[in-house]
$ cat data22.txt   # compact mmCIF, C-alpha atoms
# COMPACT_ATOMS: atom_id res chain seq x y z
CA MET A 1358 30.80 -8.73 72.27
CA VAL A 1359 29.69 -6.47 69.39
CA ILE A 1360 31.26 -7.51 66.10
CA PRO A 1361 31.45 -4.70 63.48
CA ARG A 1362 29.51 -5.56 60.33
CA ASN A 1363 30.06 -4.30 56.79
CA LEU A 1364 26.35 -3.66 56.28
CA HIS A 1365 26.22 -1.11 59.08
CA HIS A 1366 28.08 1.40 56.92
CA VAL A 1367 26.06 0.42 53.85
CA LEU A 1368 22.73 1.00 55.60
CA VAL A 1369 23.83 4.34 57.02
CA GLN A 1370 24.82 5.40 53.52
CA HIS A 1371 21.47 4.16 52.23
CA VAL A 1372 19.48 6.20 54.77
CA ASP A 1373 21.55 9.31 54.01
CA THR A 1374 21.29 8.93 50.24
CA PHE A 1375 18.16 7.11 49.06
CA ARG A 1376 14.43 7.58 49.37
CA GLN A 1377 13.81 3.87 48.72
CA MET A 1378 13.14 1.44 51.55
CA ALA A 1379 16.01 -0.83 52.60
CA PHE A 1380 15.09 -4.51 52.72
CA LEU A 1381 17.58 -6.45 54.86
CA SER A 1382 17.14 -10.21 54.74
CA GLY A 1383 19.17 -13.13 56.02
CA PRO A 1384 19.03 -16.15 58.33
CA ARG A 1385 17.77 -15.98 61.88
CA GLN A 1386 20.36 -14.76 64.42
CA VAL A 1387 22.84 -13.63 61.77
CA GLY A 1388 22.92 -10.09 63.19
CA LYS A 1389 20.16 -8.19 61.35
CA THR A 1390 18.39 -6.76 64.40
CA THR A 1391 21.65 -5.79 66.13
CA THR A 1392 22.83 -4.00 62.99
CA ILE A 1393 19.51 -2.19 62.47
CA ARG A 1394 19.47 -1.00 66.08
CA HIS A 1395 23.05 0.18 65.71
CA VAL A 1396 22.07 2.17 62.62
CA LEU A 1397 19.06 3.73 64.37
CA SER A 1398 21.25 4.79 67.32
CA GLN A 1399 23.06 7.23 65.03
CA TYR A 1400 19.93 9.25 64.23
CA GLU A 1401 17.22 11.22 66.00
CA ASN A 1402 13.49 10.62 65.45
CA THR A 1403 13.67 6.84 65.05
CA ASN A 1404 11.25 4.02 65.79
CA TYR A 1405 11.62 0.25 65.89
CA LEU A 1406 8.63 -2.07 65.55
CA SER A 1407 8.90 -5.85 65.67
CA TRP A 1408 6.18 -8.16 64.42
CA ASP A 1409 7.24 -10.60 67.17
CA ASP A 1410 6.37 -8.01 69.85
CA PHE A 1411 2.65 -8.15 70.66
CA SER A 1412 2.21 -4.41 71.30
CA ASP A 1413 4.12 -3.51 68.12
CA ARG A 1414 2.04 -6.00 66.16
CA ARG A 1415 -1.16 -4.32 67.31
CA ILE A 1416 0.08 -0.97 66.03
CA ILE A 1417 0.83 -2.50 62.63
CA LEU A 1418 -2.50 -4.36 62.43
CA ASP A 1419 -4.46 -1.21 63.31
CA GLY A 1420 -3.38 0.18 59.94
CA THR A 1421 -1.58 3.16 58.50
CA THR A 1422 -3.60 5.77 60.40
CA SER A 1423 -2.66 4.24 63.74
CA LEU A 1424 0.96 3.93 62.69
CA SER A 1425 1.06 7.57 61.53
CA GLN A 1426 -0.15 8.66 64.95
CA HIS A 1427 2.37 6.42 66.71
CA LEU A 1428 5.22 7.88 64.62
CA ASN A 1429 3.91 11.48 64.89
CA LEU A 1430 4.06 11.79 61.11
CA ALA A 1431 1.74 14.83 61.17
CA GLU A 1432 4.34 16.86 63.06
CA LEU A 1433 6.81 18.96 61.04
CA ILE A 1434 10.43 18.22 61.96
CA SER A 1435 13.75 19.28 60.47
CA THR A 1436 15.11 15.81 59.68
CA PRO A 1437 13.44 12.72 58.18
CA ARG A 1438 11.98 10.16 60.53
CA ILE A 1439 13.32 6.60 60.34
CA CYS A 1440 11.27 3.53 61.15
CA ALA A 1441 12.50 -0.06 61.18
CA PHE A 1442 10.10 -3.01 60.86
CA ASP A 1443 11.54 -6.31 62.06
CA GLU A 1444 10.27 -9.69 60.79
CA LEU A 1445 7.44 -7.97 58.93
CA HIS A 1446 7.27 -10.71 56.29
CA LYS A 1447 5.26 -12.77 58.79
CA TYR A 1448 2.34 -10.36 58.25
CA SER A 1449 0.34 -11.67 55.28
CA GLU A 1450 -0.44 -8.14 54.01
CA TRP A 1451 2.99 -6.65 54.62
CA ARG A 1452 3.50 -5.56 51.00
CA ASP A 1453 0.33 -3.45 50.82
CA PHE A 1454 1.03 -2.09 54.29
CA LEU A 1455 4.50 -0.89 53.31
CA LYS A 1456 3.32 0.49 49.97
CA GLY A 1457 0.72 2.65 51.70
CA ILE A 1458 3.18 3.95 54.29
CA PHE A 1459 5.91 4.59 51.71
CA ASP A 1460 3.71 6.36 49.16
CA GLY A 1461 1.96 8.49 51.74
CA ASN A 1462 5.02 9.69 53.66
CA PRO A 1463 7.84 10.89 51.38
CA LEU A 1464 9.97 12.10 54.32
CA LEU A 1465 9.83 8.78 56.17
CA ARG A 1466 12.83 6.45 55.76
CA ILE A 1467 11.94 2.78 56.14
CA LEU A 1468 14.13 -0.21 57.02
CA VAL A 1469 12.66 -3.72 56.82
CA THR A 1470 14.23 -6.96 58.04
CA GLY A 1471 13.21 -10.56 57.49
CA SER A 1472 14.55 -14.03 58.22
CA ALA A 1473 13.03 -15.25 54.96
CA SER A 1474 13.87 -14.10 51.46
CA LEU A 1475 11.78 -10.95 51.03
CA SER A 1476 11.93 -11.30 47.25
CA VAL A 1477 10.13 -14.66 47.55
CA PHE A 1478 7.50 -13.49 50.00
CA SER A 1479 6.72 -10.31 48.03
CA ARG A 1480 4.94 -12.00 45.12
CA GLY A 1481 1.38 -11.24 44.13
CA GLY A 1482 -0.62 -8.04 43.85
CA ASP A 1483 0.78 -4.65 43.01
CA SER A 1484 4.57 -4.59 42.83
CA LEU A 1485 6.95 -2.77 45.17
CA ARG A 1486 9.32 -2.38 42.23
CA GLY A 1487 11.31 0.83 42.45
CA ARG A 1488 10.36 1.36 46.09
CA TYR A 1489 13.15 -0.61 47.76
CA PHE A 1490 16.76 -1.74 47.51
CA GLY A 1491 17.62 -5.20 48.80
CA TYR A 1492 20.54 -6.19 51.03
CA THR A 1493 21.52 -9.63 52.32
CA MET A 1494 23.23 -10.20 55.66
CA HIS A 1495 25.49 -13.24 55.48
CA PRO A 1496 27.34 -15.01 58.30
CA LEU A 1497 30.68 -13.60 59.36
CA SER A 1498 33.52 -14.18 56.92
CA VAL A 1499 37.31 -14.00 56.99
CA ALA A 1500 37.34 -10.67 55.16
CA GLU A 1501 34.68 -9.07 57.36
CA LEU A 1502 36.47 -10.11 60.54
CA ALA A 1503 39.97 -9.30 59.30
CA HIS A 1504 38.96 -5.83 58.12
CA GLY A 1505 36.80 -5.06 61.15
CA GLY A 1506 33.62 -4.43 59.16
CA GLU A 1507 35.26 -1.50 57.36
CA LEU A 1508 34.29 -2.47 53.81
CA THR A 1509 31.75 -0.03 52.36
CA ALA A 1510 29.41 0.28 49.40
CA ASN A 1511 32.09 2.25 47.55
CA GLU A 1512 34.45 -0.73 47.50
CA SER A 1513 34.85 -1.03 43.73
CA GLU A 1514 38.19 -2.84 43.79
CA LEU A 1515 39.21 -6.15 45.33
CA THR A 1516 40.19 -5.93 48.98
CA ALA A 1517 43.83 -5.93 50.08
CA PRO A 1518 44.86 -9.02 52.07
CA ARG A 1519 44.85 -8.86 55.86
CA GLU A 1520 45.67 -11.60 58.33
CA LEU A 1521 43.00 -13.05 60.59
CA PRO A 1522 44.20 -14.24 64.02
CA ASN A 1523 44.44 -18.02 64.23
CA ASP A 1524 41.93 -18.30 67.07
CA GLN A 1525 39.31 -16.50 65.00
CA TRP A 1526 40.06 -18.67 61.97
CA ASP A 1527 39.66 -21.83 64.06
CA ALA A 1528 36.41 -20.56 65.59
CA LEU A 1529 35.03 -19.64 62.16
CA LEU A 1530 35.81 -23.05 60.71
CA SER A 1531 34.55 -25.02 63.72
CA PHE A 1532 31.59 -22.98 64.98
CA GLY A 1533 30.43 -21.16 61.85
CA GLY A 1534 29.84 -17.51 61.04
CA PHE A 1535 26.77 -16.76 63.15
CA PRO A 1536 27.86 -14.17 65.73
CA GLU A 1537 26.84 -15.88 68.99
CA PRO A 1538 28.39 -19.34 68.52
CA PHE A 1539 31.42 -17.74 66.87
CA ALA A 1540 31.97 -15.41 69.82
CA GLN A 1541 31.38 -18.14 72.41
CA ALA A 1542 33.65 -20.64 70.62
CA SER A 1543 32.25 -23.36 72.88
CA GLN A 1544 31.28 -26.82 71.71
CA THR A 1545 28.50 -27.14 74.29
CA PHE A 1546 27.05 -23.71 73.49
CA HIS A 1547 27.28 -24.43 69.76
CA GLY A 1548 25.44 -27.73 70.18
CA ARG A 1549 22.58 -26.17 72.12
CA TRP A 1550 22.40 -23.16 69.80
CA SER A 1551 22.25 -25.36 66.70
CA MET A 1552 19.50 -27.53 68.17
CA THR A 1553 17.38 -24.49 69.02
CA SER A 1554 17.98 -22.93 65.62
CA ASN A 1555 16.86 -26.07 63.82
CA GLU A 1556 13.76 -26.36 66.00
CA GLN A 1557 12.78 -22.79 65.11
CA LEU A 1558 13.22 -23.51 61.42
CA PHE A 1559 11.33 -26.81 61.24
CA GLN A 1560 8.72 -26.28 63.95
CA GLU A 1561 7.98 -22.55 63.55
CA ASP A 1562 9.16 -20.89 60.34
CA ILE A 1563 8.13 -23.58 57.85
CA ARG A 1564 4.82 -24.13 59.64
CA ASP A 1565 4.01 -20.41 59.89
CA LEU A 1566 5.14 -19.24 56.44
CA THR A 1567 4.14 -22.16 54.22
CA ARG A 1568 1.33 -24.67 53.83
CA ILE A 1569 3.65 -27.63 54.18
CA GLN A 1570 2.30 -30.24 56.59
CA GLU A 1571 4.96 -32.92 56.20
CA LEU A 1572 7.42 -31.30 58.61
CA SER A 1573 9.14 -34.57 59.51
CA GLN A 1574 9.81 -35.33 55.84
CA ILE A 1575 11.22 -31.89 55.06
CA GLU A 1576 13.48 -32.24 58.11
CA MET A 1577 14.69 -35.58 56.71
CA LEU A 1578 15.38 -33.83 53.41
CA ALA A 1579 17.43 -31.16 55.20
CA LEU A 1580 19.54 -33.88 56.82
CA ARG A 1581 20.13 -35.49 53.41
CA ILE A 1582 21.33 -32.17 52.03
CA GLN A 1583 23.58 -31.70 55.06
CA ARG A 1584 25.22 -35.09 54.53
CA GLN A 1585 26.00 -34.56 50.84
CA VAL A 1586 27.17 -30.95 50.84
CA GLY A 1587 29.15 -30.19 47.70
CA GLN A 1588 28.02 -33.31 45.84
CA LEU A 1589 25.92 -33.47 42.68
CA THR A 1590 22.23 -33.59 43.53
CA SER A 1591 19.91 -36.41 42.52
CA TYR A 1592 16.31 -35.33 43.14
CA SER A 1593 15.07 -38.82 42.28
CA THR A 1594 17.31 -40.34 44.99
CA PHE A 1595 15.99 -37.82 47.52
CA ALA A 1596 12.42 -38.63 46.48
CA ARG A 1597 12.98 -42.38 46.85
CA ASP A 1598 14.67 -42.07 50.24
CA ILE A 1599 12.03 -39.75 51.67
CA ARG A 1600 9.11 -41.45 49.92
CA SER A 1601 7.94 -38.43 48.01
CA THR A 1602 7.92 -37.17 44.42
CA VAL A 1603 10.60 -35.24 42.54
CA PRO A 1604 8.40 -32.09 42.09
CA THR A 1605 7.63 -32.11 45.82
CA ILE A 1606 11.32 -32.49 46.71
CA GLN A 1607 12.20 -29.57 44.45
CA ARG A 1608 9.45 -27.45 45.99
CA TRP A 1609 10.63 -28.26 49.52
CA ILE A 1610 14.22 -27.38 48.65
CA ASP A 1611 12.98 -24.03 47.31
CA VAL A 1612 11.40 -23.42 50.73
CA LEU A 1613 14.62 -24.37 52.54
CA GLU A 1614 16.51 -21.94 50.31
CA SER A 1615 14.01 -19.12 50.91
CA LEU A 1616 14.43 -19.63 54.68
CA TYR A 1617 18.24 -19.57 54.43
CA TYR A 1618 18.92 -23.16 55.35
CA CYS A 1619 20.83 -23.95 52.16
CA PHE A 1620 21.81 -22.43 48.83
CA ARG A 1621 22.39 -23.96 45.44
CA VAL A 1622 25.36 -23.66 43.10
CA THR A 1623 24.52 -24.49 39.49
CA PRO A 1624 26.84 -25.69 36.72
CA TRP A 1625 28.29 -23.15 34.30
CA HIS A 1626 28.16 -24.47 30.76
CA ARG A 1627 28.85 -21.60 28.38
CA ASN A 1628 32.19 -21.92 26.58
CA VAL A 1629 32.75 -25.33 28.23
CA ALA A 1630 32.70 -28.28 25.84
CA GLY A 1631 30.74 -31.28 27.13
CA SER A 1632 29.71 -29.55 30.35
CA LEU A 1633 26.95 -30.57 32.76
CA ARG A 1634 23.81 -28.47 32.46
CA LYS A 1635 21.33 -29.57 35.13
CA GLU A 1636 22.51 -31.12 38.39
CA PRO A 1637 23.25 -28.46 41.04
CA LYS A 1638 25.15 -28.73 44.30
CA TYR A 1639 23.90 -27.52 47.67
CA TYR A 1640 25.69 -25.91 50.60
CA LEU A 1641 24.50 -24.80 54.05
CA TRP A 1642 24.33 -21.24 55.34
CA ASP A 1643 25.59 -22.65 58.65
CA TRP A 1644 28.61 -24.68 57.55
CA SER A 1645 29.34 -25.71 61.15
CA GLN A 1646 26.59 -28.33 60.79
CA VAL A 1647 28.61 -30.17 58.12
CA ARG A 1648 30.39 -33.02 59.89
CA ASP A 1649 32.98 -33.98 57.28
CA ALA A 1650 35.99 -31.64 57.71
CA GLY A 1651 36.76 -31.43 53.99
CA ALA A 1652 33.16 -30.71 53.03
CA ARG A 1653 32.90 -28.13 55.82
CA ALA A 1654 35.97 -26.30 54.53
CA GLU A 1655 34.55 -26.31 50.99
CA ASN A 1656 31.24 -25.00 52.37
CA LEU A 1657 33.06 -22.16 54.18
CA VAL A 1658 34.67 -21.10 50.89
CA ALA A 1659 31.33 -21.46 49.05
CA SER A 1660 29.65 -19.21 51.63
CA ALA A 1661 32.38 -16.57 51.31
CA LEU A 1662 32.07 -16.60 47.52
CA LEU A 1663 28.27 -16.36 47.68
CA LYS A 1664 28.62 -13.38 50.02
CA PHE A 1665 31.15 -11.82 47.64
CA THR A 1666 28.93 -12.22 44.56
CA ARG A 1667 25.78 -10.95 46.24
CA TRP A 1668 27.61 -8.02 47.82
CA ARG A 1669 28.98 -6.81 44.50
CA THR A 1670 25.63 -7.27 42.78
CA GLU A 1671 23.70 -5.44 45.50
CA GLN A 1672 26.20 -2.57 45.47
CA GLY A 1673 25.72 -2.05 41.73
CA LEU A 1674 29.18 -3.32 40.76
CA GLY A 1675 27.90 -5.62 38.01
CA GLU A 1676 25.81 -8.78 37.86
CA HIS A 1677 27.67 -11.53 39.72
CA SER A 1678 26.78 -15.18 40.29
CA LEU A 1679 28.38 -18.33 41.69
CA HIS A 1680 28.65 -21.62 39.78
CA PHE A 1681 30.84 -24.69 39.36
CA VAL A 1682 32.16 -26.26 36.17
CA ARG A 1683 32.26 -29.97 35.31
CA ASP A 1684 32.42 -31.78 31.96
CA LYS A 1685 31.45 -35.26 30.83
CA GLN A 1686 35.05 -36.44 31.39
CA LYS A 1687 34.42 -35.63 35.09
CA ARG A 1688 36.98 -32.83 35.12
CA GLU A 1689 35.75 -30.29 37.61
CA VAL A 1690 36.52 -26.99 39.33
CA ASP A 1691 34.62 -26.39 42.56
CA PHE A 1692 33.58 -22.80 41.89
CA VAL A 1693 33.53 -20.17 39.18
CA VAL A 1694 32.57 -16.57 39.92
CA VAL A 1695 30.80 -15.10 36.91
CA ARG A 1696 30.72 -11.33 36.34
CA ASP A 1697 28.32 -9.90 33.75
CA ASP A 1698 27.90 -13.34 32.13
CA ARG A 1699 31.65 -13.95 31.83
CA PRO A 1700 33.71 -16.32 34.01
CA TRP A 1701 35.99 -14.23 36.20
CA ILE A 1702 37.50 -16.32 39.02
CA LEU A 1703 38.03 -20.10 39.15
CA VAL A 1704 38.42 -21.64 42.62
CA GLU A 1705 39.41 -25.21 43.50
CA VAL A 1706 39.36 -26.00 47.25
CA LYS A 1707 41.87 -28.37 48.85
CA SER A 1708 41.69 -29.30 52.51
CA GLY A 1709 45.39 -30.14 52.68
CA ALA A 1710 48.45 -28.07 51.83
CA SER A 1711 48.87 -29.42 48.28
CA LYS A 1712 52.07 -28.54 46.40
CA SER A 1713 50.84 -29.36 42.89
CA LEU A 1714 48.24 -27.73 40.66
CA PRO A 1715 45.60 -29.93 39.01
CA LYS A 1716 45.70 -29.94 35.21
CA HIS A 1717 41.98 -29.24 34.95
CA LEU A 1718 42.48 -25.80 36.52
CA HIS A 1719 44.65 -24.83 33.54
CA HIS A 1720 42.21 -26.56 31.19
CA PHE A 1721 39.14 -24.69 32.37
CA GLN A 1722 40.89 -21.33 32.60
CA LYS A 1723 41.85 -21.71 28.95
CA GLN A 1724 38.30 -22.71 27.97
CA THR A 1725 36.44 -20.12 30.02
CA ARG A 1726 39.06 -17.34 29.69
CA ALA A 1727 38.64 -16.56 33.38
CA ALA A 1728 41.01 -13.85 34.59
CA TYR A 1729 42.06 -15.77 37.72
CA ALA A 1730 42.43 -19.44 38.68
CA PHE A 1731 43.23 -20.45 42.25
CA GLN A 1732 43.75 -23.66 44.12
CA VAL A 1733 42.78 -22.54 47.63
CA SER A 1734 44.64 -24.47 50.33
CA VAL A 1735 42.76 -24.52 53.64
CA GLU A 1736 45.69 -25.69 55.80
CA SER A 1737 48.37 -23.36 54.40
CA ASP A 1738 49.63 -20.43 56.47
CA TYR A 1739 48.67 -16.86 55.62
CA VAL A 1740 50.85 -15.09 53.04
CA ASP A 1741 50.81 -11.29 53.00
CA ARG A 1742 50.54 -10.88 49.24
CA ASP A 1743 47.79 -9.89 46.83
CA CYS A 1744 46.80 -13.17 45.18
CA PHE A 1745 44.90 -11.27 42.46
CA SER A 1746 48.21 -9.94 41.15
CA GLU A 1747 48.68 -13.39 39.56
CA THR A 1748 46.73 -14.28 36.43
CA SER A 1749 48.08 -17.80 35.86
CA PRO A 1750 46.79 -20.71 37.99
CA ILE A 1751 48.39 -20.59 41.42
CA ILE A 1752 48.12 -22.22 44.87
CA VAL A 1753 47.03 -19.69 47.51
CA PRO A 1754 46.32 -20.02 51.24
CA ALA A 1755 42.62 -19.84 52.08
CA LYS A 1756 43.45 -17.32 54.80
CA THR A 1757 44.89 -14.98 52.17
CA PHE A 1758 42.32 -15.52 49.43
CA LEU A 1759 39.26 -15.24 51.67
CA SER A 1760 40.57 -12.06 53.30
CA GLN A 1761 40.41 -10.39 49.88
CA LEU A 1762 36.68 -10.97 49.40
CA VAL A 1763 34.00 -9.39 51.59
$ encode --input "data22.txt" --output "structure tokens"
Amino acid sequence: MVIPRNLHHVLVQHVDTFRQMAFLSGPRQVGKTTTIRHVLSQYENTNYLSWDDFSDRRIILDGTTSLSQHLNLAELISTPRICAFDELHKYSEWRDFLKGIFDGNPLLRILVTGSASLSVFSRGGDSLRGRYFGYTMHPLSVAELAHGGELTANESELTAPRELPNDQWDALLSFGGFPEPFAQASQTFHGRWSMTSNEQLFQEDIRDLTRIQELSQIEMLALRIQRQVGQLTSYSTFARDIRSTVPTIQRWIDVLESLYYCFRVTPWHRNVAGSLRKEPKYYLWDWSQVRDAGARAENLVASALLKFTRWRTEQGLGEHSLHFVRDKQKREVDFVVVRDDRPWILVEVKSGASKSLPKHLHHFQKQTRAAYAFQVSVESDYVDRDCFSETSPIIVPAKTFLSQLV
């Protein structure tokens, strides 16, 4: 089952338009390789090299001269060649390798994928600044499924609502947004897939890409994060429970973020009297691992909003970020989407089909001057209406609201 992805169209447009390399990053098994191969299938004169393939690795390690011969770069052709490098971040000298290939071959189009944040693993030495555009592949979302992967880089306005079939909604909420477990929609397959995925993260990726030796402790930390998804973080509590130090805990969480295990949502404090300023919340990229149903639903919404903010930022539609807001009186709104340093969308998530709006949603919309304020009801039925046509706080079904993102 091939599920259409939004980034397919974006990457095709990139290859047709830009000289810069395309860096596609995201979690393992989220669909990067499938999408890249689909893009390459639409062109002639393409090559695909994976660092995980021994023969491909030898070509890369032999240097730029060997690669040029393999790609026949000395031969004049009518259209640019395209080469994709998969999991290249595992090569310690990948930056210098790409810089040499890019600078020496102006007609070559380069696609690079990685299951770690390429921005993190590109530090040190001469910069690749100006030589690449970054893209992030997120798990499947309501909007991507409902619109059949038709959203493109030219999408400057909010998406029109479209209903997602109930079986797909149930599978997304229960089995997550990674293509294989979503498509299988099987509890036994999901359990085995999750176990293998976690083993790869804690026994391979962290060991191979970092100098961390305390793998059992960092796995314990990941479980702590999983159990308190959406709650304020206490680094000192983590440190005490795992028998480590606060700086070490913070460093380990940075690693888990760079490898797409979790992501942080920080408090927004501008224009909010008495707001929190430090303690973040954490959510998982794979929300299906969250056992509590309410926390899992909140994580699904958080993931969709993160995807929405990164998509719009990467497409040049303004600087977007995801936060939450909470003051010293413990009034709180789960999420606030910020556009160009101004609160834009307030989102409060409710697992049930609540009929009443919380007063703090009105309160924070007035303080932040956000254009929209929604209480998103996870259990409500889909309503075929543009929820962004309403500027006052309103209760909206999650199936409607999420279909209007990305």
$ atom_distance --input "data22.txt" --atom1 "atom CA of A:Thr1670" --atom2 "atom CA of A:His1395"
24.2 Å
$ residues_around --input "data22.txt" --residues "A:Ser1554" --least-positions-apart "2" --cutoff "12 Å" --atoms "all atoms listed in the file" --output "list in words"
Pro1384, Arg1385, Gln1386, Val1387, Phe1535, Glu1537, Pro1538, His1547, Gly1548, Arg1549, Trp1550, Ser1551, Met1552, Glu1556, Gln1557, Leu1558, Phe1559, Gln1560, Glu1561, Asp1562, Leu1616, Tyr1617, Tyr1618, Asp1643 and Gln1646 of chain A
$ closest_atom_pairs --input "data22.txt" --of "stretch 1590-1654 of chain A" --to "stretch 1567-1575 of chain A" --cutoff "9 Å" --atoms "all atoms listed in the file" --output "JSON lines"
{"residue": "A:Ile1599", "atom": "CA", "partner": "A:Gln1574", "partner_atom": "CA", "distance": 6.5}
{"residue": "A:Arg1600", "atom": "CA", "partner": "A:Gln1574", "partner_atom": "CA", "distance": 8.5}
{"residue": "A:Ser1601", "atom": "CA", "partner": "A:Gln1574", "partner_atom": "CA", "distance": 8.6}
{"residue": "A:Ile1606", "atom": "CA", "partner": "A:Ile1575", "partner_atom": "CA", "distance": 8.4}
{"residue": "A:Trp1609", "atom": "CA", "partner": "A:Ile1575", "partner_atom": "CA", "distance": 6.6}
{"residue": "A:Ile1610", "atom": "CA", "partner": "A:Ile1575", "partner_atom": "CA", "distance": 8.4}
{"residue": "A:Val1612", "atom": "CA", "partner": "A:Thr1567", "partner_atom": "CA", "distance": 8.2}
{"residue": "A:Leu1613", "atom": "CA", "partner": "A:Ile1575", "partner_atom": "CA", "distance": 8.6}
$ write_last_selection --input "data22.txt" --atoms "C-alpha atoms" --output "mmCIF file, in the frame of the given file"
data_model
loop_
_atom_site.group_PDB
_atom_site.id
_atom_site.type_symbol
_atom_site.label_atom_id
_atom_site.label_comp_id
_atom_site.auth_asym_id
_atom_site.auth_seq_id
_atom_site.Cartn_x
_atom_site.Cartn_y
_atom_site.Cartn_z
ATOM 1 C CA ILE A 1599 12.030 -39.750 51.670
ATOM 2 C CA ARG A 1600 9.110 -41.450 49.920
ATOM 3 C CA SER A 1601 7.940 -38.430 48.010
ATOM 4 C CA ILE A 1606 11.320 -32.490 46.710
ATOM 5 C CA TRP A 1609 10.630 -28.260 49.520
ATOM 6 C CA ILE A 1610 14.220 -27.380 48.650
ATOM 7 C CA VAL A 1612 11.400 -23.420 50.730
ATOM 8 C CA LEU A 1613 14.620 -24.370 52.540
#
$ residues_around --input "data22.txt" --residues "A:Phe1620" --least-positions-apart "5" --cutoff "6 Å" --atoms "only C-alpha atoms" --output "list in words"
Glu1614, Tyr1639 and Tyr1640 of chain A
$ write_last_selection --input "data22.txt" --atoms "C-alpha atoms" --output "PDB file, in the frame of the given file"
ATOM      1  CA  GLU A1614      16.510 -21.940  50.310  1.00  0.00           C
ATOM      2  CA  TYR A1639      23.900 -27.520  47.670  1.00  0.00           C
ATOM      3  CA  TYR A1640      25.690 -25.910  50.600  1.00  0.00           C
TER       4      TYR A1640
END
$ atom_distance --input "data22.txt" --atom1 "atom CA of A:Glu1444" --atom2 "atom CA of A:Leu1424"
16.6 Å
